[in-house]
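The structure under discussion appears below in the form of C-alpha cells.
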Amino acid sequence: MAENKKVYVVGHKNPDTDSICTAIAYANLKTKITGETYEPRRAGQLNEETQYVLEHFGVKVPTLLSDLREQIKNVELKESQEIQGSLSIRTAWEKMSEMNTHTIPITRNGVLEGVITKGDIAKSYMEVYDNTMLAKARTQYRNIAAAVEGEIVTGNEHGYFYKGKVTVAASSKELMTSFIEKDDLVIIGDRIDAQQCAVDLDASCMVVCQNDPISEDILRQAEAKEIVVIWTQHDTFTAAQHISQSIPVRSFMTKDHLVTFRKNDYVDDVKEVMARKRFRDFPVVDEDGKFLGLVSRRRLLNVSKKQVILVDHNEKNQAVDGVEEADVQEIIDHHTITPVFFRNQPVGCTATIVSQMYEENGVEIDPVNAGLLCSAIISDTLMFRSPTCTPLDESTAKRLAEIAGINIEKLAQAMFKAGSNLKGKTAEEILFLDFKQFTVNDTVFGVGQVNSMSAKELTEIKTQIESELDKIRQNHRLDMIFFMLTNIMTESSELLCVGPEAREKAISAFDLNGKSDTLYLKGVVSRKKQLVPAIVEALQQ
C-alpha cells in the first residue's frame with residue numbers, strides 16, 4: 001500500500017526560528033480545521049536559537065524533508081503472495097496463474113532471496129539438463145509427488161532427493177542391474193521383477209506409474225529400507241516429462257545482481273533503472289531486506305505528487321529540492337516577492353499571519369504553539385527593533401506571550417544568547433546557519449547574519465570567520481559574500497565583505513567612508529529590508 005496521504009508544511013533550506021515555529025503551528029491549525037494530516041517538516045539544520053526555543057517549550061524537532069520528488073512510498077505497491085525457495089517450479093507457475101502475475105518473490109522468513117518469472121520457468125523447459133538435475137537441486141519428495149500428480153504411499157515426504165540420478169526401468173532385469181545404482185530415482189511400471197530389482201539395488205525413490213499395483217511385500221521391503229514410493233496415474237513418458245517440474249524454484253530464480261528498490265527511492269531514478277531491465281515487476285524491500293510488495297512501470301504512471309505548504313519563503317532557490325514537481329497548496333509568507341499564489345501580508349514575521357489565521361478560523365491557540373509563534377516574532381523582528389516590525393507584530397507577540405505565560409524580554413535574551421553561542425562550530429558552519437543566496441544579472445551573492453546582544457561575542461565571531469570567508473566563497477562558487485554581525489542592543493551591524501568589488505558595492509550602497517577598515521552600518525539590522533535591497537540596487541547600477 002502507498003504511504004498515507006499527508007501534506008507537508010515546510011520553510012526554507014536554512015531555517016530560522018520563524019520558519020520552524022510557523023510550520024509547526026500552521027500544521028497544527030490546518031489539522032484542527034480539516035481533520036486531515038498536516039505534518040511540519042524542516043528543510044535544513046536548525047540553528048542554536050531555534051533549538052533553544054523548541055527545547056524550552058518541549059516540542060519535538062520536525063523531521064528533515066530534503067526532496068519533494070515522488071518516492072516509491074507514494075506508489076500503490078502490488079501485493080504478492082510470497083513462496084519459499086524449496087517449492088517447485090510447478091507450484092510457482094500455478095500461483096502465478098492464480099494471481100495473474102508474471103513475477104513472484106522468493107523469501108525466507110520474509111526476507112527476499114530472489115524472484116522467479118514466467119520467463120525463467122519457460123527457460124527451464126528449454127534447457128537441456130542431465131539426469132542428475134533433481135538431485136543437484138535437492139528436490140523434496142513431496143514436490144516430486146505433486147509434479148506427477150501422485151501420492152506418497154510410503155516414505156518421508158519431507159525428505160530430499162539429493163544424490164543419484166533419474167532413470168526409467170523399461171528394460172530387462174539384467175540390463176537394469178547394469179545402470180540402476182544406489183540412491184537413484186526409478187520411474188517404473190507394474191513389473192514385479194523390476195520393482196524388486198529397484199528395491200534390491202537400494203533406490204531412494206520409486207515412481208510407480210499408471211496406478212499399477214504394488215505388492216504388500218514390495219511395500220514392506222521399501223518401508224524397511226526407507227525407500228520413498230510414489231504412486232501416479234500417469235504413464236512413464238508423462239511422469240518422466242513432468243518430474244522436472246518438481247525442481248525447486250531456487251534453482252531457477254534470479255538472485256545475483258537482483259534489482260530491488262526501497263520505499264524512499266525517487267520515482268525518476270527508479271524509472272531510469274526499469275528502462276534498462278527486462279522485468280515487468282520489481283520487488284520493494286525495507287532496510288532489513290524484508291519484502292514489501294512489487295512495483296511496475298504501469299503503477300509509476302499513477303503516482304500522486306507530494307502535497308506541500310510553503311511558509312516564510314516563496315522563492316524556488318530557497319525551497320526544498322524538487323518543489324517544482326510537488327503540488328504546492330499554499331504559500332504563507334511575509335516577504336514581498338510575488339509568487340503564483342499566496343497569502344502575503346506586510347508584517348515582520350510569518351508567525352503573525354498564522355496567529356491571525358488561528359483567530360479567523362475560531363481555533364484557540366494552546367500555550368505551546370503560542371510560545372512557538374511568539375518566539376518566531378521575537379526572532380524575526382529582533383525583539384521589535386527591526387524596521388520590518390509592525391505594530392501588529394508587537395501586539396500579536398504580547399498577546400501570545402500572555403497565552404504562553406512567558407516574559408518576552410527574558411525569552412529574547414535567552415534565545416539570542418543561544419543563537420550567538422557558536423563554540424565548536426567552524427567558520428563555514430557559522431556562515432550557513434542563517435544564509436540566503438541571491439542572483440542579480442550574472443552576479444551570484446550570499447548574505448549571512450549573526451545576531452547577538454553582546455559586542456564581545458560578535459568580536460569573537462568576527463575573528464573566527466573573517467579570514468575564512470573568501471575561501472568559503474570560492475568553494476561554493478559565489479561571486480560575493482556579505483556577512484552581517486548584528487548587535488541587537490545598539491541596533492547596528494558590522495559588515496564583512498569578500499569577492500571582487502564586494503566592498504566597493506557595499507560602500508556605494510550605504511554611502512560609507514571607504515578609508516575605514518570597518519564597514520559599520522548604523523541602524524541596519526534587517527537583511528531582507530535594509531541590506532539586500534541596497535546591495536541589489538548597487539549591483540544594478
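Letters A, B, ... mark the chains of the C-alpha cells in the order given; residue numbers begin at 1 per chain; ligand numbers begin at 1, in order shown.
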Using only C-alpha atoms, determine which residues lie at most 12 Å from Val10 in chain A, disregarding the query and same-chain residues fewer than 3 positions distant; provide the list as JSON, numbers by chain. {"A": [7, 13, 14, 15, 16, 18, 19, 20, 21, 22, 23, 24, 25, 26, 27, 38, 39, 40, 41, 42, 43, 44, 62, 63, 64, 65, 66, 67, 68, 307, 308, 309, 310, 311, 312, 313, 314, 318, 319, 320, 321, 323, 328, 329, 330, 331, 332, 333]}
Once DSSP has gone over the backbone, tell me which residues of range 206-351 of chain A are in alpha helix (DSSP H), as an NGL selection string. :A and (216-224 or 236-242 or 267-275 or 297-300 or 350-351)
In range 112-235 of chain A, DSSP strand (DSSP E or B) residues written as a list in words: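 Selection result, strand (DSSP E or B) within range 112-235 of chain A: Leu112, Glu113, Gly114, Val115, Ile116, Thr117, Thr139, Gln140, Glu151, Ile152, Val153, Thr154, Tyr160, Phe161, Val166, Thr167, Val168, Leu185, Val186, Ile187, Ile188, Cys205, Met206, Val207, Val208, Val228, Val229, Ile230 and Trp231 of chain A.
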If we count only C-alpha atoms and set the cut-off at 12 Å, which residues sit around Asp235 in chain A, ignoring sequence neighbours fewer than 4 positions away in its own chain? Please answer as a PyMOL selection string. chain A and resi 148-150+168+170+187-190+207-212+231+239-243
Need to verify the contact set: Glu79 in chain A, 12 Å, only C-alpha atoms, exclusion of same-chain residues closer than 6 positions in sequence. Can you return it as a list in words?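 These residues fall inside the cut-off: Met1, Ala2, Met99, Asn100, Thr101, Thr103, Ile104, Pro105, Asp281, Phe282, Pro283, Val284, Phe291, Leu292, Gly293, Leu294, Val295 and Ser296 of chain A.
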Got a sec: who's within 9 Å of Ile465 in chain A, counting only C-alpha atoms, leaving out chain neighbours fewer than 4 positions off, as a PyMOL selection string? chain A and resi 426-428+430-431+460-461+469
For the selection you just gave me, I'd like the residues written to a file as an mmCIF file, in the first residue's frame, keeping all heavy atoms.
```cif
data_model
loop_
_atom_site.group_PDB
_atom_site.id
_atom_site.type_symbol
_atom_site.label_atom_id
_atom_site.label_comp_id
_atom_site.auth_asym_id
_atom_site.auth_seq_id
_atom_site.Cartn_x
_atom_site.Cartn_y
_atom_site.Cartn_z
ATOM 1 N N THR A 426 32.667 25.491 12.956
ATOM 2 C CA THR A 426 33.649 26.019 12.012
ATOM 3 C C THR A 426 33.126 27.329 11.425
ATOM 4 O O THR A 426 31.942 27.651 11.543
ATOM 5 C CB THR A 426 33.895 25.036 10.862
ATOM 6 O OG1 THR A 426 32.679 24.894 10.102
ATOM 7 C CG2 THR A 426 34.313 23.667 11.386
ATOM 8 N N ALA A 427 34.025 28.060 10.754
ATOM 9 C CA ALA A 427 33.626 29.310 10.117
ATOM 10 C C ALA A 427 32.514 29.061 9.094
ATOM 11 O O ALA A 427 31.548 29.831 8.991
ATOM 12 C CB ALA A 427 34.834 29.962 9.441
ATOM 13 N N GLU A 428 32.621 27.972 8.346
ATOM 14 C CA GLU A 428 31.619 27.652 7.331
ATOM 15 C C GLU A 428 30.270 27.339 7.963
ATOM 16 O O GLU A 428 29.223 27.758 7.468
ATOM 17 C CB GLU A 428 32.096 26.478 6.472
ATOM 18 C CG GLU A 428 31.199 26.193 5.285
ATOM 19 C CD GLU A 428 31.850 25.283 4.255
ATOM 20 O OE1 GLU A 428 33.075 25.097 4.301
ATOM 21 O OE2 GLU A 428 31.125 24.758 3.400
ATOM 22 N N ILE A 430 29.163 28.465 10.813
ATOM 23 C CA ILE A 430 28.608 29.720 11.330
ATOM 24 C C ILE A 430 27.976 30.513 10.197
ATOM 25 O O ILE A 430 26.862 31.037 10.316
ATOM 26 C CB ILE A 430 29.712 30.556 12.026
ATOM 27 C CG1 ILE A 430 30.181 29.849 13.307
ATOM 28 C CG2 ILE A 430 29.203 31.961 12.347
ATOM 29 C CD1 ILE A 430 31.413 30.462 13.940
ATOM 30 N N LEU A 431 28.671 30.606 9.067
ATOM 31 C CA LEU A 431 28.173 31.370 7.932
ATOM 32 C C LEU A 431 26.820 30.843 7.450
ATOM 33 O O LEU A 431 25.891 31.607 7.183
ATOM 34 C CB LEU A 431 29.178 31.328 6.778
ATOM 35 C CG LEU A 431 28.706 31.943 5.448
ATOM 36 C CD1 LEU A 431 28.499 33.446 5.603
ATOM 37 C CD2 LEU A 431 29.695 31.651 4.323
ATOM 38 N N GLU A 460 34.360 38.021 18.811
ATOM 39 C CA GLU A 460 34.915 36.655 18.756
ATOM 40 C C GLU A 460 34.505 35.957 17.463
ATOM 41 O O GLU A 460 35.309 35.268 16.829
ATOM 42 C CB GLU A 460 34.433 35.855 19.975
ATOM 43 C CG GLU A 460 35.033 36.320 21.293
ATOM 44 C CD GLU A 460 34.397 35.636 22.490
ATOM 45 O OE1 GLU A 460 33.425 34.864 22.292
ATOM 46 O OE2 GLU A 460 34.855 35.877 23.625
ATOM 47 N N ILE A 461 33.246 36.126 17.053
ATOM 48 C CA ILE A 461 32.763 35.503 15.812
ATOM 49 C C ILE A 461 33.496 36.102 14.615
ATOM 50 O O ILE A 461 33.913 35.378 13.691
ATOM 51 C CB ILE A 461 31.239 35.694 15.685
ATOM 52 C CG1 ILE A 461 30.510 34.899 16.770
ATOM 53 C CG2 ILE A 461 30.764 35.251 14.296
ATOM 54 C CD1 ILE A 461 29.041 35.240 16.903
ATOM 55 N N LEU A 469 36.346 33.601 5.051
ATOM 56 C CA LEU A 469 35.209 33.921 4.185
ATOM 57 C C LEU A 469 35.506 33.771 2.701
ATOM 58 O O LEU A 469 34.700 33.225 1.947
ATOM 59 C CB LEU A 469 34.715 35.350 4.464
ATOM 60 C CG LEU A 469 33.654 35.522 5.541
ATOM 61 C CD1 LEU A 469 33.231 36.984 5.637
ATOM 62 C CD2 LEU A 469 32.438 34.657 5.271
#
```
A:Ser516, A:Gln474, A:Thr396, A:Thr167 ranked by distance to Ser355 in chain A, top pick (using only C-alpha atoms):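 When distances to Ser355 in chain A are compared using only C-alpha atoms, the smallest one comes from A:Thr396.
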